[in-house]
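Listing of upload-v7.txt; format and content: compact mmCIF, C-alpha atoms and all ligand atoms.
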```txt
# COMPACT_ATOMS: atom_id res chain seq x y z
CA MET A 136 29.35 2.78 11.03
CA ILE A 137 29.91 4.51 7.70
CA HIS A 138 30.60 8.15 7.22
CA ARG A 139 30.40 9.83 3.82
CA SER A 140 33.53 11.79 3.14
CA ILE A 141 32.98 14.68 0.74
CA SER A 142 36.59 14.83 -0.43
CA GLU A 143 36.40 11.26 -1.68
CA TYR A 144 32.85 11.48 -2.96
CA PHE A 145 33.91 11.14 -6.59
CA SER A 146 35.69 7.92 -7.35
CA PRO A 147 39.08 8.21 -9.04
CA TYR A 148 38.37 4.90 -10.79
CA THR A 149 35.97 3.39 -13.28
CA LEU A 150 35.30 -0.32 -13.64
CA GLN A 151 36.20 -2.35 -16.72
CA LYS A 152 34.38 -5.64 -17.20
CA VAL A 153 36.73 -8.59 -17.86
CA GLU A 154 36.26 -12.31 -18.30
CA VAL A 155 38.30 -14.59 -16.01
CA ASP A 156 38.02 -18.32 -16.79
CA GLY A 157 34.58 -17.75 -18.23
CA LYS A 158 33.39 -15.69 -15.24
CA GLU A 159 32.61 -11.98 -15.04
CA GLY A 160 35.13 -9.79 -13.21
CA TYR A 161 36.17 -6.18 -13.01
CA VAL A 162 39.45 -4.32 -13.10
CA LEU A 163 40.06 -0.68 -12.24
CA ILE A 164 40.89 2.05 -14.71
CA ASP A 165 42.17 5.39 -13.43
CA ARG A 166 41.16 8.87 -14.66
CA GLU A 167 43.83 8.87 -17.36
CA GLY A 168 42.59 5.54 -18.68
CA TYR A 169 45.42 3.35 -17.35
CA TYR A 170 44.69 -0.06 -15.85
CA LYS A 171 45.49 -0.37 -12.14
CA GLY A 172 47.43 -3.41 -10.93
CA PRO A 173 46.53 -6.08 -8.35
CA ASP A 174 47.87 -4.09 -5.35
CA GLU A 175 45.48 -1.22 -5.87
CA GLY A 176 42.65 -3.45 -7.08
CA ILE A 177 42.80 -5.73 -4.06
CA ASP A 178 43.14 -2.75 -1.72
CA ILE A 179 39.88 -1.33 -3.12
CA ALA A 180 38.19 -4.74 -2.99
CA LEU A 181 39.10 -5.09 0.71
CA LYS A 182 37.78 -1.61 1.42
CA LEU A 183 34.51 -2.51 -0.32
CA LEU A 184 34.27 -5.67 1.78
CA LEU A 185 34.94 -3.67 4.94
CA ALA A 186 32.17 -1.17 4.20
CA TYR A 187 29.60 -3.61 2.79
CA GLY A 188 30.38 -6.19 5.47
CA ASP A 189 29.35 -3.83 8.26
CA ALA A 190 26.14 -4.99 9.96
CA GLY A 191 24.58 -1.53 9.84
CA ILE A 192 25.48 -0.79 6.23
CA GLN A 193 22.03 -1.22 4.67
CA LYS A 194 20.35 1.09 7.18
CA ALA A 195 23.16 3.68 6.88
CA LEU A 196 22.93 3.67 3.07
CA ASP A 197 19.12 3.84 3.17
CA ASP A 198 19.36 6.90 5.43
CA GLU A 199 21.94 8.52 3.12
CA ASN A 200 19.78 7.78 0.07
CA LYS A 201 16.74 9.30 1.77
CA SER A 202 18.54 12.57 2.48
CA ILE A 203 19.96 12.61 -1.07
CA HIS A 204 16.45 12.02 -2.42
CA LEU A 205 15.02 14.92 -0.37
CA GLU A 206 17.93 17.09 -1.50
CA ASN A 207 17.28 16.18 -5.14
CA MET A 208 13.61 17.07 -4.67
CA GLY A 209 14.74 20.52 -3.53
CA PHE A 210 14.01 20.15 0.19
CA ASP A 211 16.11 21.16 3.15
CA PHE A 212 13.54 20.88 5.92
CA GLN A 213 15.93 21.60 8.75
CA LYS A 214 17.36 24.75 7.21
CA THR A 215 14.48 26.25 5.25
CA GLY A 216 11.34 24.50 6.53
CA ARG A 217 8.62 23.01 4.35
CA TYR A 218 7.55 26.05 2.32
CA VAL A 219 10.81 26.48 0.43
CA ARG A 220 11.97 24.29 -2.43
CA HIS A 221 15.19 24.66 -4.41
CA GLY A 222 15.74 27.79 -2.28
CA LYS A 223 12.50 29.46 -3.38
CA PRO A 224 9.09 29.83 -1.72
CA VAL A 225 6.52 27.27 -2.86
CA TYR A 226 3.73 29.85 -2.93
CA LYS A 227 3.44 33.46 -4.03
CA ARG A 228 1.19 36.41 -3.43
CA GLY A 229 -0.69 37.79 -6.40
CA GLU A 230 -2.72 40.94 -6.92
CA PHE A 231 -5.88 41.24 -8.95
CA ASP A 232 -5.38 43.53 -11.90
CA LEU A 233 -7.90 46.38 -11.98
CA PHE A 234 -7.56 46.72 -15.73
CA LYS A 235 -8.12 43.10 -16.65
CA ARG A 236 -11.40 41.24 -16.82
CA VAL A 237 -12.92 40.38 -13.47
CA TRP A 238 -12.28 36.80 -12.46
CA SER A 239 -12.81 34.77 -9.35
CA PHE A 240 -11.91 31.43 -7.82
CA HIS A 241 -12.74 29.30 -4.84
CA CYS A 242 -9.97 28.92 -2.29
CA GLY A 243 -8.43 25.47 -2.65
CA PHE A 244 -8.45 24.99 1.09
CA CYS A 245 -11.41 26.75 2.71
CA GLY A 246 -13.61 27.11 -0.39
CA LYS A 247 -14.19 30.84 0.05
CA LYS A 248 -15.02 32.67 -3.20
CA VAL A 249 -12.32 35.22 -3.95
CA SER A 250 -12.35 38.10 -6.45
CA ILE A 251 -11.28 41.73 -6.62
CA ASP A 252 -14.66 42.67 -5.14
CA VAL A 253 -13.72 40.76 -1.96
CA GLN A 254 -10.00 41.45 -1.58
CA PRO A 255 -7.14 42.90 -3.66
CA GLU A 256 -4.78 39.94 -3.29
CA TYR A 257 -4.59 36.17 -3.35
CA TRP A 258 -1.98 33.41 -2.98
CA TYR A 259 -1.04 30.59 -5.27
CA ILE A 260 1.20 27.52 -5.22
CA VAL A 261 4.13 27.85 -7.63
CA ASP A 262 6.31 24.78 -7.25
CA GLN A 263 4.63 21.42 -7.12
CA HIS A 264 6.69 19.61 -9.73
CA GLY A 265 6.89 15.94 -8.83
CA ILE A 266 4.97 16.50 -5.59
CA ARG A 267 1.43 16.84 -6.74
CA LYS A 268 -0.32 13.93 -8.43
CA SER A 269 -3.75 15.14 -9.41
CA ASN A 270 -5.09 18.36 -10.84
CA THR A 271 -8.46 18.28 -9.17
CA LEU A 272 -7.86 20.85 -6.45
CA SER A 273 -7.41 24.58 -6.84
CA ASP A 274 -3.88 25.89 -6.30
CA ARG A 275 -5.19 29.34 -5.45
CA ALA A 276 -5.85 30.44 -1.92
CA CYS A 277 -7.67 33.29 -0.17
CA SER A 278 -4.86 33.78 2.33
CA GLU A 279 -1.29 32.83 3.09
CA ILE A 280 -2.55 30.46 5.78
CA CYS A 281 -4.76 28.63 3.28
CA ALA A 282 -1.87 28.49 0.75
CA LYS A 283 0.24 26.80 3.44
CA HIS A 284 -2.57 24.32 4.13
CA ILE A 285 -2.86 23.47 0.41
CA TRP A 286 0.89 22.89 0.20
CA ASP A 287 0.81 20.85 3.44
CA GLU A 288 -1.77 18.53 1.85
CA TYR A 289 0.37 17.97 -1.27
CA LEU A 290 3.57 17.59 0.70
CA GLU A 291 2.23 15.26 3.37
CA LEU A 292 0.68 12.95 0.79
CA TRP A 293 3.99 12.86 -1.09
CA LEU A 294 5.95 12.24 2.14
CA LYS A 295 3.56 9.43 3.08
CA ASN A 296 3.77 7.82 -0.38
CA ASN A 297 7.56 7.94 -0.16
CA ARG A 298 7.63 6.50 3.38
CA TYR A 299 8.92 9.61 5.11
CA SER A 300 7.58 11.04 8.33
CA THR A 301 4.73 13.44 7.50
CA GLU A 302 6.05 15.64 10.33
CA LEU A 303 9.17 16.61 8.36
CA GLY A 304 9.79 20.35 8.32
CA LYS A 305 7.11 21.10 10.94
ZN ZN A 401 -9.01 29.97 2.15
```

In structure tokens, how does this file's structure come out?
Amino acid sequence: MIHRSISEYFSPYTLQKVEVDGKEGYVLIDREGYYKGPDEGIDIALKLLLAYGDAGIQKALDDENKSIHLENMGFDFQKTGRYVRHGKPVYKRGEFDLFKRVWSFHCGFCGKKVSIDVQPEYWYIVDQHGIRKSNTLSDRACSEICAKHIWDEYLELWLKNNRYSTELGK
């Protein structure tokens, strides 16, 4: 069973490619650029064998990579739920401006026609970078509930395409 230790997350070594009797090998170089000797090199090699030789290693690394991927995409479903990305809400509330030209839209979820004549406010999706594939649907919604539904549709399709549970964050 592997456990990622934060304090040793960054390796103190880099690898230098070397040729040994015509075959490819590696030696370790430390942060100051000095080559490390066989004691340290073999110690690291044994530790690599220990970790990679564990029967559950692939599954453990896959799980780690999944949570890193979700983190990189700005999600923390357990802490902030599914409507927050990179610490910010994925939708916002807007107000129609009395002094600008009258405009209207159809709610991207329920299809209701929305304009200042119907209601003073509307909602819209703000952060869909990398999540949304097509531009065919409206990102504007008549209500916060419909904005959540629009986001749910984007998110669940993305989760499905990336082989995550579509229940994440619910
Ligand atoms: Zn609606």

Spatial neighbours of Val219 in chain A, max dist 12 Å, all atoms listed in the file, sep filter under 2 positions, as a ChimeraX atom specification: /A:206,208-217,221-227,260-263,283,286-287,290,304

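Distance check against Glu175 in chain A using all atoms listed in the file: of A:Gly157, A:Gly229, A:Gly191, A:Pro147, the minimum falls on A:Pro147.
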
A:Tyr218, A:Val237, A:Arg228, A:Lys201 ranked by distance to Tyr289 in chain A, top pick (using all atoms listed in the file): A:Tyr218

Taking only C-alpha atoms and all ligand atoms into account, which residues have an atom no farther than 9 Å from ligand ZN 401 (chain A)? I'd like them as a list in words.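 Result of the 9 Å neighbour search around ligand ZN 401 (chain A): His241, Cys242, Gly243, Phe244, Cys245, Gly246, Lys247, Lys248, Val249, Arg275, Ala276, Cys277, Ser278, Glu279, Ile280, Cys281, Ala282 and His284 of chain A.
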
Calculate how many Å separate CA of Asp189 in chain A from CA of Tyr161 in chain A, rounding to one decimal. 22.5 Å

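Considering all atoms listed in the file, the residue among A:Leu233, A:Leu163, A:Leu205, A:Leu183 positioned nearest to Glu256 in chain A is A:Leu233.
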
Using Å and a single decimal, report how far CA of Leu185 in chain A sits from CA of Glu167 in chain A.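 CA of Leu185 in chain A lies 27.1 Å from CA of Glu167 in chain A.
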
Please report the interatomic distance between CA of His264 in chain A and CA of Lys194 in chain A in Å with one decimal.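 Computing the Euclidean distance for CA of His264 in chain A and CA of Lys194 in chain A yields 28.6 Å.
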
Counting all atoms listed in the file, the option among A:Arg220, A:Glu288, A:Gln254, A:Gln151 closest to Asp232 in chain A: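 Among A:Arg220, A:Glu288, A:Gln254, A:Gln151, it is A:Gln254 that comes nearest to Asp232 in chain A.
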
Judged by only C-alpha atoms, the minimum distance to Trp238 in chain A among A:Asp165, A:Glu291, A:Glu302, A:Asp252 is found for A:Asp252

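Omitting Leu150 in chain A and its sequence neighbours fewer than 6 positions away, and counting all atoms listed in the file, the residues within 12 Å are Gly160, Tyr161, Val162, Leu163, Ile164, Asp165, Arg166, Gly168, Tyr169, Tyr170, Lys171, Gly176, Ile179 and Ala180 of chain A.
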
Store the residues picked out above in a file with C-alpha atoms, as an mmCIF file, in the coordinates of the input.
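Final output, part-v6.cif:
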```cif
data_model
loop_
_atom_site.group_PDB
_atom_site.id
_atom_site.type_symbol
_atom_site.label_atom_id
_atom_site.label_comp_id
_atom_site.auth_asym_id
_atom_site.auth_seq_id
_atom_site.Cartn_x
_atom_site.Cartn_y
_atom_site.Cartn_z
ATOM 1 C CA GLY A 160 35.130 -9.790 -13.210
ATOM 2 C CA TYR A 161 36.170 -6.180 -13.010
ATOM 3 C CA VAL A 162 39.450 -4.320 -13.100
ATOM 4 C CA LEU A 163 40.060 -0.680 -12.240
ATOM 5 C CA ILE A 164 40.890 2.050 -14.710
ATOM 6 C CA ASP A 165 42.170 5.390 -13.430
ATOM 7 C CA ARG A 166 41.160 8.870 -14.660
ATOM 8 C CA GLY A 168 42.590 5.540 -18.680
ATOM 9 C CA TYR A 169 45.420 3.350 -17.350
ATOM 10 C CA TYR A 170 44.690 -0.060 -15.850
ATOM 11 C CA LYS A 171 45.490 -0.370 -12.140
ATOM 12 C CA GLY A 176 42.650 -3.450 -7.080
ATOM 13 C CA ILE A 179 39.880 -1.330 -3.120
ATOM 14 C CA ALA A 180 38.190 -4.740 -2.990
#
```

Each side padded by 3 Å, which centre and which edge lengths in Å (one decimal) define the axis-aligned box around the listed atoms of range 242-259 of chain A? Give them as lines of an AutoDock Vina configuration file.
```
center_x = -8.0
center_y = 33.9
center_z = -2.0
size_x = 20.0
size_y = 23.9
size_z = 15.3
```
